[in-house]
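Everything below concerns the one structure shown next.
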Amino acid sequence: MRHAVAPAESVENNYFAVTNLLKICTHCERLSKKDLGVRIPRPLGNGPSRFIPEKEILEVSKVDARTQSIFEDAFAALGRLDNISLVMGFHPQYLGSFLRTQHYLLQMDGPLSLHYRHYIGIMAAARHQCSYLVNLHVNDFLQVGGDPKWLNGLDEAPQKLQQLGELNKILAHRPWLLTKEHIESLLKAEEHSWSLAELIHAVVLLTHYHSLASFTFGCGITTEIHCDGGHTFRPPSLSQYCVCDIANGNGHSIHHNDSLGNQELCGEVEVLMERMKQLQECDDEEASQEEMATRFEREKTESMLVATAEDEECVPSRDISRHFEDPSYGYKDFSRRGEHMPTFRVQDYSWEDHGFSLVNRLYPDVGQMLDEKFQMAYNLTYNTMATHKDVDTSMLRRAIWNYIHCMFGIRYDDYDYGEINQLLDRSFKIYIKTMVCSPEKTTKRMYESFWRQFQHSEKVHVNLLLMEARMQAELLYALRAITRYMT
Amino acid sequence: MEKMSRVTTALGSSAINGRTMFCHLDAPANAISVCRDASQVVVAGRNIFKIYALEEDQFVEKLNLRVGRKPSLNFSCADVMWHQMEENLLATAATNGAVVTWNLGKPSRNKQDQLFTEHKRTVNKVCFHPTEVYMLLSGSQDGFMKCFDLRKKESVSTFSGQSESVRDVQFSMKDYFTFAASFENGNVQLWDIRRPDRYERMFTAHTGPVFCCDWHPDDRGWLATGGRDKMVKVWDMTTNRAKEIFCVQTIASVARVKWRPEKKFHLATCSMMVDHNIYVWDVRRPFIPFATFEEHKDVTTGIVWRHQHDPHFLLSGSKDSTLYQHMFKDATRPVDKANPEGLCFGLFGDLAFAAKESLISSDSNRKPYPGGDRRYPIFFFKKPDQTEQFAHVSSALSVFETDLDSNCMDWFVKTAQLYLLCGKPFAELCDHNAKVARELKRPQVSTTWTMLRIMFSDPANLTPGPNHPLSKLGTLPLMNSFNMKEMNSGMGAESRLERSKGESRQDNSHLEPGNSLISNNNEDNEETEGSEGQAEYMFGDAELDDDDLYSMEHDNQTEEQEYTLPQEAFQLRHEIMDNPSAPEHLQQDKADSPHVSGNEAEVTCLTPIESFSLISISQPLFTPQLPASFFCPIVREMLSYYAEKGDVQMAVSVLIVLGERIRKEIDDLTQEHWYTSYIDLLQRFELWNVSNEVIKLSTCSAITCLNQTSTTLHINCSNCKRPMSNRGWICDRCHQCASVCAVCHHVVKGLFVWCQGCNHGGHLEHIRNWLKSSAHCPAGCGHLCEYT
């Protein structure tokens with residue numbers, strides 16, 4: 001963990017300056033109200049994330065010079081520093097790669113025009129009712145000269161984009177249903193048809209924003225103050241605070257956590273490490289082929305049974321449902337009784353061998369960037385687990401990655417899915433499943449209930465893994481469909 | 001695996017025969033391998049593991065190795081290899097990380113022999129030692145390579161690549177102890193089988209994964225690698241540092257690479273994605289495949305040459321569930337379809353042109369290229385003798401430079417400024433303009449002016465004239481001195497063609513025919529792979545229509561036409577101008593083309609006649625009886641030619657100078673179009689005065705009215721700050737005189753000048769006088785007025 005060194009007050013940080021400014025504003029709110037009748041907005045959230053104490057996030061950026069410089073670059077490029085980047089600042093290596101890719105996808109040369117890109121981003125984020133991303137891109141969309149009418153709903157957008165709605169829907173919730181017929185209908189639609197290059201660009205954007213929506217919910221990213229839903233004009237009243245909000249950011253949270261679960265949980269990390277060790281050592285106990293196959297099936301079915309519903313909906317401030325159709329269409333478990341979808345074998349269609357080549361052929365450089373980003377996410381490690389150092393976490397990372405792919409019906413022949421059961425406990429599985437399949441249902445309680453002893457930075461790390469694994473899974477299905485169409 | 005002692009080749013290639021054939025497999029193949037005597041092939045994939053016998057005209061399924069009730073992942077093969085020494089021995093790499101060996105000699109249905117499950121991840125490759133029976137090597141996704149002794153239950157040594165996944169391992173054909181391994185991170189490592197602790201050598205071969213590698217079967221030091229970066233590279237490993245000696249750029253990531261037996265420079269590749277073809281490359285000719293097999297409908301996953309010493313049979317397996325045997329003679333040869341000409345413009349207007357030498361020489365049927373057959377080298381390897389040489393095509397490349405001067409538009413500005421468009425008698429105007437053009441080294445334009453003068457001058461006035469301009473015309477062509485560099489051919493190739501024609505004609509009239517052009521044009525031409533004469537020849541060709549390149553008969557026509565030419569000297573002159581832009585006159589144009597396309601032989605007979613004809617015959621031909629209107633169609637065409645060419649200046653100038661003589665011949669819309677273009681150009685060069693003059697002189701109503709627009713000046717009353725609508729000096733609203741001269745205190749009704757600092761001013765003349773004596777404002781405001 002990165003411990004705070006300097007007191008927060010002495011920091012001269014871009015973001016901090018802004019929050020200070022806001023503080024001043026609230027301070028003289030009464031005054032200004034009286035004099036000018038101006039209504040001063042008040043931030044609703046406290047810091048970039050609802051789950052992670054503000055202080056911890058901000059400390060990271062000032063400790064690490066690299067993070068600082070990445071933030072500066074991002075600010076220079078976009079004129080803002082969104083909360084997502086701030087939270088990702090825990091992992092500067094990854095953040096650099098992420099921002100580079102995102103920048104390329106949105107601003108640099110590509111087959112799609114700028115407002116199309118943002119609109120596709122809106123479509124994708126709206127699929128998961130991620131009002132944060134939708135708002136962010138509505139602003140961008142208008143800024144690059146998009147037609148405000150489109151924002152009234154997909155019906156008002158050009159025919160071409162409307163056709164993308166179906167792909168968006170399937171990709172977001174049940175990518176395994178994607179067939180080459182879907183691709184064909186997009187590519188062969190007379191004057192509204194997409195070109196292959198455009199389609200690849202769109203697919204990359206869609207998957208990017210689906211998974212980014214997962215991250216947004218998974219880390220409880222709060223809306224920025226200038227966006228809709230990021231501020232309120234209501235005066236602060238005591239009734240609005242809940243305990244966690246008060247605890248959030250004022251340093252009590254760690255204590256709060258400890259007092260709650262220290263006794264029963266002190267062994268959690270150690271148990272996990274012990275299991276990893278065992279798994280690494282017990283080579284000789286070799287499972288039979290059938291056993292392996294059933295383990296995969298079991299994991300798949302079990303993932304289905306992991307309940308996701310927990311009611312703590314945050315109502316989107318903007319009516320984002322108008323950006324997509326058929327809101328009832330959601331994640332359905334891959335393996336449902338009755339309808340059996342063939343398992344996707346990574347050995348037959350992998351990102352490294354096949355996906356990369358296809359993307360790079362049709363949308364040069366992006367394949368390289370995505371490849372870099374996937375590898376970065378997959379290989380990122382600090383060799384730490386909670387307070388322990390020099391731990392080889394590759395096994396754990398692989399288990400998480402493969403578990404997510406397993407939920408999408410993607411199987412690695414060379415993986416023993418029994419490991420997942422050993423390494424991932426139930427509350428963690430619930431969190432993963434919720435975040436990946438229906439991120440809008442993620443709650444603070446879920447976030448807190450898994451891996452209670454781990455650092456926030458480690459939980460963000462997990463989120464990055466989830467996000468990238470999900471993106472790759474969706475991409476694999478989409479690219480396979482495109483490949484099948486092409487052959 | 002390619003290694004086989006020479007002894008065994010005795011049964012060799014002559015024993016093999018067959019044809020291009022295929023069979024359907026039940027499932028996509030991942031890899032194939034062929035047995036030692038080239039009589040059987042094994043196909044392995046996720047759901048298939050079968051042995052087929054290769055018969056004369058079909059594949060026959062011999063054995064299905066996928067037996068057992070339950071499907072096991074051990075059968076899911078990523079790779080397969082047939083032992084080259086022991087014909088009953090096979091090894092497969094399974095996707096679940098198992099390495100399995102199979103013994104076909106087993107009596108039971110299940111031929112599985114040994115099972116090694118030491119790898120943690122998918123095994124990508126297995127490889128038997130070429131000469132050692134029991135030695136098997138495997139490379140896996142987990143980053144390890146393991147060497148197995150088939151007599152033992154487990155691996156004898158493990159090699160750690162210290163990096164990511166191993167994609168391919170290959171024993172060297174010649175070095176007993178050496179093997180190469182390629183990695184997902186782009187590296188290639190060389191190992192000694194006896195030293196598992198550390199690799200002997202490592203180098204980065206590709207960006208991104210190296211999917212495959214293959215040792216050259218004959219040459220000790222050559223290793224071919226193929227990667228996701230779409231490259232195939234050949235490395236010389238004999239030197240201290242691995243040296244890249246050949247590089248072939250393909251169009252998709254390279255999945256497999258296999259050297260072609262008995263052909264030192266040939267290798268076959270297939271790709272991982274998108275592209276389904278198999279290519280055979282000659283590594284020395286990396287830009288076009290030597291041969292292509294296009295049978296597969298999905299990506300090819302495995303390729304293998306059927307026999308180690310027979311280069312004519314290639315076997316391939318594919319994701320489209322077919323197994324093919326390709327005959328080399330049935331392969332597509334992309335060279336046949338390739339366009340042997342290339343033409344490209346450079347950033348600064350340079351032009352490069354490349355064409356096969358054979359094509360060039362075939363044009364000159366009068367003088368065939370020495371060495372006959374070289375003209376048709378492309379048919380060379382269609383001959384049954386199968387020498388298998390790459391089509392010997394040598395091309396000539398010519399680069400035509402546009403010197404920087406020609407891009408600058410000085411000539412345009414100067415011409416615009418110096419031309420006289422009105423105010424003098426017609427003949428003088430023409431003379432003047434001709435002189436201007438000549439001084440600017442634009443002989444063609446100059447000549448045009450001169451001719452215009454001749455055409456349209458009154459016959460009465462002409463008598464003193466014709467000798468003079470015609471002698472001028474006579475001297476003009478003598479301009480041997482002007483060469484390309486000096487010409488302002490800003491308009492590109494066409495106009496230069498004009499020059500070069502003119503030039504060549506002049507040259508030829510004075511010099512001995514032959515390579516005379518070279519002396520003038522050397523600095524403009526660069527050539528490769530061709531004799532000087534050849535390149536020179538191209539110089540002209542580049543700018544001609546293709547038809548000229550290919551037609552051979554037109555030489556004769558030319559000669560026939562030659563005799564008709566003198567009768568219409570001016571017509572001819574005109575046609576030269578028209579040549580590039582009016583292809584529909586091709587037949588007539590042919591008359592001109594020899595001057596340009598003429599190589600040594602042609603120039604001799606054609607040019608002198610014509611150029612002399614222009615000078616000598618034209619004079620007697622010109623008879624005063626011809627009415628001026630006789631020339632109108634020609635002049636009209638000439639003007640359109642100039643305009644087309646981009647020299648709208650000439651078109652407009654002539655239009656103005658000729659005035660009524662030609663105006664009716666050209667429709668108004670065209671005229672207006674020319675005018676607007678020219679005016680636009682003039683204004684871009686800030687030649688406001690010239691542009692104004694042109695507007696004034698134009699007769700198009702649409703143009704003249706340009707001067708009438710935006711002539712209103714809106715002013716506000718200085719007292720009430722409202723716009724003054726009626727008159728400029730008295731305000732309707734406040735009934736005050738708005739502009740009073742600060743010197744004489746009268747209302748200014750004409751030019752009013754005022755200081756922008758204090759807003760005081762008055763009559764131009766008064767203020768000017770005032771400022772001579774004082775720098776302060778005449779109104780007494782104390783401001784130090786400034787006027788520019």
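Labels used: A, B, ... for chains in the order of the structure tokens, numbers from 1 for residues in each chain, and numbers from 1 for ligands as shown.
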Shell around segment 201-209 of chain A at 7 Å using only C-alpha atoms, local window under 6 positions removed, as a ChimeraX atom specification: /A:111,120-121,124-125,168,363,471,474-475
Per-residue nearest contacts of chain A to chain B (9 Å; only C-alpha atoms) as a Markdown table:
```
| residue | atom | partner | partner_atom | distance |
| --- | --- | --- | --- | --- |
| A:Gln289 | CA | B:Ser72 | CA | 5.8 |
| A:Glu290 | CA | B:Ser72 | CA | 7.1 |
| A:Ala293 | CA | B:Leu73 | CA | 8.7 |
| A:Gln347 | CA | B:Thr95 | CA | 6.8 |
| A:Asp348 | CA | B:Arg46 | CA | 8.3 |
| A:Glu352 | CA | B:Pro209 | CA | 8.1 |
| A:Asp353 | CA | B:Met272 | CA | 7.0 |
| A:His354 | CA | B:Met273 | CA | 5.9 |
| A:Gly355 | CA | B:Met273 | CA | 8.6 |
| A:Phe356 | CA | B:Arg228 | CA | 8.7 |
| A:Ser357 | CA | B:Met273 | CA | 6.5 |
| A:Leu358 | CA | B:Met273 | CA | 6.9 |
| A:Arg361 | CA | B:Ala252 | CA | 7.9 |
| A:Gln368 | CA | B:Gly208 | CA | 8.8 |
| A:Tyr412 | CA | B:Asn96 | CA | 8.0 |
| A:Asp413 | CA | B:Asn96 | CA | 4.7 |
| A:Asp414 | CA | B:Asn96 | CA | 3.8 |
| A:Tyr415 | CA | B:Arg121 | CA | 7.2 |
| A:Thr483 | CA | B:Val274 | CA | 7.3 |
| A:Met486 | CA | B:Val274 | CA | 7.5 |
| A:Thr487 | CA | B:Asp298 | CA | 5.8 |
```
Shell around segment 277-292 of chain B at 10 Å using only C-alpha atoms, local window under 2 positions removed, as a ChimeraX atom specification: /B:232-234,245-250,256-260,263-271,274-275,294-303,314,316,328-335,338,388-391
Output file for the residues above (N, CA and C atoms, as a CSV table (one decimal), in the first residue's frame):
```csv
chain,number,residue,atom,x,y,z
B,232,VAL,N,8.3,-12.1,-42.8
B,232,VAL,CA,9.2,-13.3,-42.8
B,232,VAL,C,10.6,-12.8,-42.9
B,233,LYS,N,11.4,-13.2,-41.9
B,233,LYS,CA,12.8,-12.8,-42.0
B,233,LYS,C,13.7,-14.0,-42.0
B,234,VAL,N,14.8,-13.9,-42.8
B,234,VAL,CA,15.8,-14.9,-42.8
B,234,VAL,C,17.0,-14.4,-42.2
B,245,ILE,N,19.2,-11.3,-43.3
B,245,ILE,CA,19.7,-11.2,-44.7
B,245,ILE,C,18.6,-11.0,-45.7
B,246,PHE,N,17.4,-11.5,-45.4
B,246,PHE,CA,16.3,-11.3,-46.2
B,246,PHE,C,15.1,-11.0,-45.4
B,247,CYS,N,14.2,-10.2,-46.0
B,247,CYS,CA,13.0,-9.9,-45.3
B,247,CYS,C,11.8,-9.8,-46.3
B,248,VAL,N,10.8,-10.5,-46.0
B,248,VAL,CA,9.6,-10.5,-46.9
B,248,VAL,C,8.4,-10.0,-46.1
B,249,GLN,N,7.8,-9.0,-46.7
B,249,GLN,CA,6.6,-8.4,-46.1
B,249,GLN,C,5.4,-9.1,-46.7
B,250,THR,N,4.6,-9.8,-45.8
B,250,THR,CA,3.4,-10.3,-46.3
B,250,THR,C,2.2,-9.5,-45.9
B,256,ARG,N,3.0,-20.0,-40.3
B,256,ARG,CA,3.9,-21.1,-40.6
B,256,ARG,C,4.9,-20.7,-41.7
B,257,VAL,N,6.1,-21.2,-41.6
B,257,VAL,CA,7.0,-21.0,-42.6
B,257,VAL,C,7.8,-22.3,-42.8
B,258,LYS,N,8.0,-22.7,-44.1
B,258,LYS,CA,8.7,-23.9,-44.4
B,258,LYS,C,9.5,-23.7,-45.6
B,259,TRP,N,10.8,-24.0,-45.5
B,259,TRP,CA,11.7,-23.9,-46.7
B,259,TRP,C,11.3,-24.9,-47.7
B,260,ARG,N,11.4,-24.5,-48.9
B,260,ARG,CA,11.1,-25.5,-50.0
B,260,ARG,C,12.3,-26.3,-50.3
B,263,LYS,N,15.4,-26.0,-53.2
B,263,LYS,CA,15.4,-24.7,-53.7
B,263,LYS,C,16.0,-23.8,-52.6
B,264,LYS,N,17.1,-23.3,-52.9
B,264,LYS,CA,17.8,-22.6,-51.8
B,264,LYS,C,17.1,-21.3,-51.3
B,265,PHE,N,16.4,-20.6,-52.2
B,265,PHE,CA,15.9,-19.4,-51.8
B,265,PHE,C,14.3,-19.4,-51.6
B,266,HIS,N,13.7,-20.5,-51.7
B,266,HIS,CA,12.3,-20.5,-51.7
B,266,HIS,C,11.8,-21.0,-50.3
B,267,LEU,N,10.7,-20.3,-49.9
B,267,LEU,CA,10.0,-20.8,-48.7
B,267,LEU,C,8.5,-20.6,-48.8
B,268,ALA,N,7.8,-21.4,-48.2
B,268,ALA,CA,6.3,-21.3,-48.2
B,268,ALA,C,5.8,-20.8,-46.9
B,269,THR,N,4.8,-19.9,-47.0
B,269,THR,CA,4.2,-19.4,-45.8
B,269,THR,C,2.7,-19.5,-45.8
B,270,CYS,N,2.1,-19.5,-44.7
B,270,CYS,CA,0.6,-19.3,-44.6
B,270,CYS,C,0.4,-18.4,-43.4
B,271,SER,N,-0.8,-17.8,-43.4
B,271,SER,CA,-1.0,-16.8,-42.4
B,271,SER,C,-2.0,-17.3,-41.4
B,274,VAL,N,-7.3,-13.9,-41.7
B,274,VAL,CA,-7.7,-13.1,-42.8
B,274,VAL,C,-7.3,-13.7,-44.1
B,275,ASP,N,-6.1,-14.0,-44.3
B,275,ASP,CA,-5.6,-14.4,-45.6
B,275,ASP,C,-5.6,-15.9,-45.7
B,294,GLU,N,-4.4,-21.0,-53.9
B,294,GLU,CA,-5.5,-20.3,-53.5
B,294,GLU,C,-6.7,-21.2,-53.2
B,295,GLU,N,-6.5,-22.5,-52.9
B,295,GLU,CA,-7.6,-23.4,-52.8
B,295,GLU,C,-8.4,-23.2,-51.5
B,296,HIS,N,-7.8,-22.9,-50.4
B,296,HIS,CA,-8.5,-23.0,-49.2
B,296,HIS,C,-9.5,-21.8,-49.0
B,297,LYS,N,-10.5,-22.2,-48.2
B,297,LYS,CA,-11.6,-21.2,-48.0
B,297,LYS,C,-11.5,-20.6,-46.6
B,298,ASP,N,-10.7,-21.2,-45.8
B,298,ASP,CA,-10.5,-20.6,-44.5
B,298,ASP,C,-8.9,-20.6,-44.2
B,299,VAL,N,-8.5,-20.1,-43.1
B,299,VAL,CA,-7.1,-20.0,-42.9
B,299,VAL,C,-6.4,-21.3,-43.0
B,300,THR,N,-5.2,-21.3,-43.6
B,300,THR,CA,-4.4,-22.5,-43.6
B,300,THR,C,-3.7,-22.6,-42.3
B,301,THR,N,-3.7,-23.8,-41.7
B,301,THR,CA,-3.1,-24.0,-40.4
B,301,THR,C,-1.9,-24.8,-40.5
B,302,GLY,N,-1.7,-25.6,-41.5
B,302,GLY,CA,-0.5,-26.5,-41.5
B,302,GLY,C,0.0,-26.6,-42.9
B,303,ILE,N,1.3,-26.5,-43.1
B,303,ILE,CA,1.8,-26.7,-44.5
B,303,ILE,C,3.0,-27.6,-44.3
B,314,LEU,N,3.1,-30.0,-52.3
B,314,LEU,CA,2.9,-29.3,-51.0
B,314,LEU,C,1.6,-29.8,-50.4
B,316,SER,N,-1.3,-29.3,-47.4
B,316,SER,CA,-1.8,-28.3,-46.4
B,316,SER,C,-3.1,-28.7,-45.8
B,328,PHE,N,2.9,-28.2,-57.7
B,328,PHE,CA,3.5,-26.9,-57.9
B,328,PHE,C,3.2,-26.3,-59.3
B,329,LYS,N,3.1,-27.2,-60.2
B,329,LYS,CA,2.8,-26.7,-61.6
B,329,LYS,C,1.4,-26.1,-61.7
B,330,ASP,N,0.5,-26.4,-60.7
B,330,ASP,CA,-0.8,-25.8,-60.8
B,330,ASP,C,-0.9,-24.5,-60.0
B,331,ALA,N,0.2,-24.1,-59.4
B,331,ALA,CA,0.1,-22.9,-58.6
B,331,ALA,C,-0.2,-21.6,-59.5
B,332,THR,N,-0.8,-20.7,-58.9
B,332,THR,CA,-0.9,-19.4,-59.5
B,332,THR,C,0.4,-18.6,-59.5
B,333,ARG,N,0.7,-18.0,-60.5
B,333,ARG,CA,1.9,-17.1,-60.5
B,333,ARG,C,1.5,-15.7,-60.5
B,334,PRO,N,1.6,-15.0,-59.4
B,334,PRO,CA,1.1,-13.6,-59.3
B,334,PRO,C,1.9,-12.7,-60.3
B,335,VAL,N,3.1,-13.1,-60.7
B,335,VAL,CA,3.9,-12.3,-61.6
B,335,VAL,C,3.2,-12.1,-62.9
B,338,ALA,N,0.7,-9.4,-62.5
B,338,ALA,CA,1.2,-8.1,-62.0
B,338,ALA,C,1.3,-7.1,-63.1
B,388,GLU,N,12.1,-23.0,-63.0
B,388,GLU,CA,11.7,-22.4,-61.8
B,388,GLU,C,12.4,-21.2,-61.4
B,389,GLN,N,12.8,-20.5,-62.4
B,389,GLN,CA,13.4,-19.2,-62.1
B,389,GLN,C,12.3,-18.2,-62.0
B,390,PHE,N,12.5,-17.2,-61.1
B,390,PHE,CA,11.6,-16.1,-61.1
B,390,PHE,C,11.6,-15.5,-62.4
B,391,ALA,N,10.5,-15.0,-62.9
B,391,ALA,CA,10.4,-14.3,-64.1
B,391,ALA,C,11.5,-13.3,-64.2
```
Contacts of Phe98 of chain A at 12 Å (only C-alpha atoms; same-chain gap of 3+ positions) as a ChimeraX atom specification: /A:70,74,84-85,88-89,91-95,101-105,208,212,366,369-377,464,467-468
Expected file: the selected residues, N, CA and C atoms, as a tab-separated table (two decimals), in the first residue's frame:
```
chain	number	residue	atom	x	y	z
A	70	ILE	N	1.37	11.90	-15.56
A	70	ILE	CA	0.29	11.37	-16.40
A	70	ILE	C	-0.96	12.23	-16.25
A	74	ALA	N	-2.89	14.20	-19.18
A	74	ALA	CA	-4.31	13.97	-19.43
A	74	ALA	C	-5.08	15.27	-19.35
A	84	ILE	N	-12.42	8.91	-13.11
A	84	ILE	CA	-11.92	7.58	-13.45
A	84	ILE	C	-10.40	7.58	-13.43
A	85	SER	N	-9.83	8.58	-14.08
A	85	SER	CA	-8.37	8.65	-14.10
A	85	SER	C	-7.81	8.81	-12.69
A	88	MET	N	-7.84	5.50	-11.12
A	88	MET	CA	-6.84	4.63	-11.73
A	88	MET	C	-5.43	5.06	-11.38
A	89	GLY	N	-5.32	6.28	-10.89
A	89	GLY	CA	-4.01	6.79	-10.50
A	89	GLY	C	-3.29	5.89	-9.51
A	91	HIS	N	-2.62	3.03	-10.14
A	91	HIS	CA	-1.76	2.17	-10.97
A	91	HIS	C	-1.29	2.94	-12.19
A	92	PRO	N	-0.30	3.78	-11.98
A	92	PRO	CA	0.12	4.69	-13.05
A	92	PRO	C	0.53	3.98	-14.33
A	93	GLN	N	1.16	2.81	-14.21
A	93	GLN	CA	1.59	2.11	-15.43
A	93	GLN	C	0.38	1.83	-16.31
A	94	TYR	N	-0.63	1.30	-15.67
A	94	TYR	CA	-1.81	0.96	-16.43
A	94	TYR	C	-2.51	2.22	-16.93
A	95	LEU	N	-2.59	3.20	-16.06
A	95	LEU	CA	-3.30	4.43	-16.42
A	95	LEU	C	-2.74	5.03	-17.70
A	101	THR	N	-4.75	4.70	-25.06
A	101	THR	CA	-5.71	4.00	-25.92
A	101	THR	C	-6.99	4.80	-26.09
A	102	GLN	N	-7.49	5.28	-24.97
A	102	GLN	CA	-8.75	6.02	-25.04
A	102	GLN	C	-8.61	7.27	-25.89
A	103	HIS	N	-7.48	7.92	-25.71
A	103	HIS	CA	-7.25	9.12	-26.50
A	103	HIS	C	-7.22	8.78	-27.98
A	104	TYR	N	-6.55	7.69	-28.29
A	104	TYR	CA	-6.47	7.30	-29.70
A	104	TYR	C	-7.85	6.97	-30.25
A	105	LEU	N	-8.60	6.25	-29.46
A	105	LEU	CA	-9.93	5.83	-29.92
A	105	LEU	C	-10.84	7.03	-30.16
A	208	HIS	N	-15.12	-1.09	-25.11
A	208	HIS	CA	-14.39	-0.22	-24.19
A	208	HIS	C	-15.34	0.42	-23.19
A	212	LEU	N	-15.77	-0.11	-19.29
A	212	LEU	CA	-15.50	1.07	-18.46
A	212	LEU	C	-16.69	1.35	-17.54
A	366	VAL	N	-4.41	0.30	-33.29
A	366	VAL	CA	-5.28	0.03	-32.15
A	366	VAL	C	-5.02	-1.36	-31.59
A	369	MET	N	-2.21	-1.15	-29.30
A	369	MET	CA	-2.52	-0.47	-28.04
A	369	MET	C	-3.36	-1.36	-27.12
A	370	LEU	N	-4.34	-2.01	-27.70
A	370	LEU	CA	-5.17	-2.89	-26.89
A	370	LEU	C	-4.32	-4.03	-26.34
A	371	ASP	N	-3.47	-4.57	-27.19
A	371	ASP	CA	-2.61	-5.65	-26.78
A	371	ASP	C	-1.78	-5.24	-25.57
A	372	GLU	N	-1.22	-4.06	-25.68
A	372	GLU	CA	-0.41	-3.52	-24.60
A	372	GLU	C	-1.24	-3.38	-23.32
A	373	LYS	N	-2.44	-2.89	-23.49
A	373	LYS	CA	-3.31	-2.64	-22.34
A	373	LYS	C	-3.71	-3.96	-21.68
A	374	PHE	N	-4.06	-4.94	-22.50
A	374	PHE	CA	-4.44	-6.24	-21.94
A	374	PHE	C	-3.27	-6.84	-21.17
A	375	GLN	N	-2.11	-6.79	-21.80
A	375	GLN	CA	-0.95	-7.38	-21.15
A	375	GLN	C	-0.62	-6.64	-19.87
A	376	MET	N	-0.75	-5.33	-19.93
A	376	MET	CA	-0.47	-4.53	-18.75
A	376	MET	C	-1.40	-4.93	-17.62
A	377	ALA	N	-2.67	-5.03	-17.92
A	377	ALA	CA	-3.63	-5.38	-16.88
A	377	ALA	C	-3.37	-6.78	-16.35
A	464	LEU	N	-9.52	-3.31	-12.39
A	464	LEU	CA	-8.88	-3.19	-13.71
A	464	LEU	C	-8.86	-4.54	-14.41
A	467	MET	N	-12.27	-5.35	-15.64
A	467	MET	CA	-12.64	-4.53	-16.78
A	467	MET	C	-11.98	-5.03	-18.06
A	468	GLU	N	-10.68	-5.30	-17.98
A	468	GLU	CA	-9.98	-5.73	-19.18
A	468	GLU	C	-10.41	-7.12	-19.61
```
Nearby residues (only C-alpha atoms) at most 9 Å from segment 759-765 of chain B, same-chain spacing under 5 positions excluded, as a list in words: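 With the cut-off at 9 Å, the set is Ser739, Val740, Cys741, Ala742, Val743, Cys744, His745, His746, Val747, Val748, Lys749, Gly750, Leu751, Phe752, Val753, Trp754, Trp770, Cys777, Pro778, Ala779, Cys781 and Cys785 of chain B.
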DSSP-assigned strand (DSSP E) among segment 343-444 of chain A, expressed as number ranges by chain: A: 344-345, 384-385, 388-389, 410-411
Using only C-alpha atoms: which of B:Asp236, B:Glu61, B:Asp219, B:Asp26 has the shortest distance to Ile48 of chain B: B:Asp26
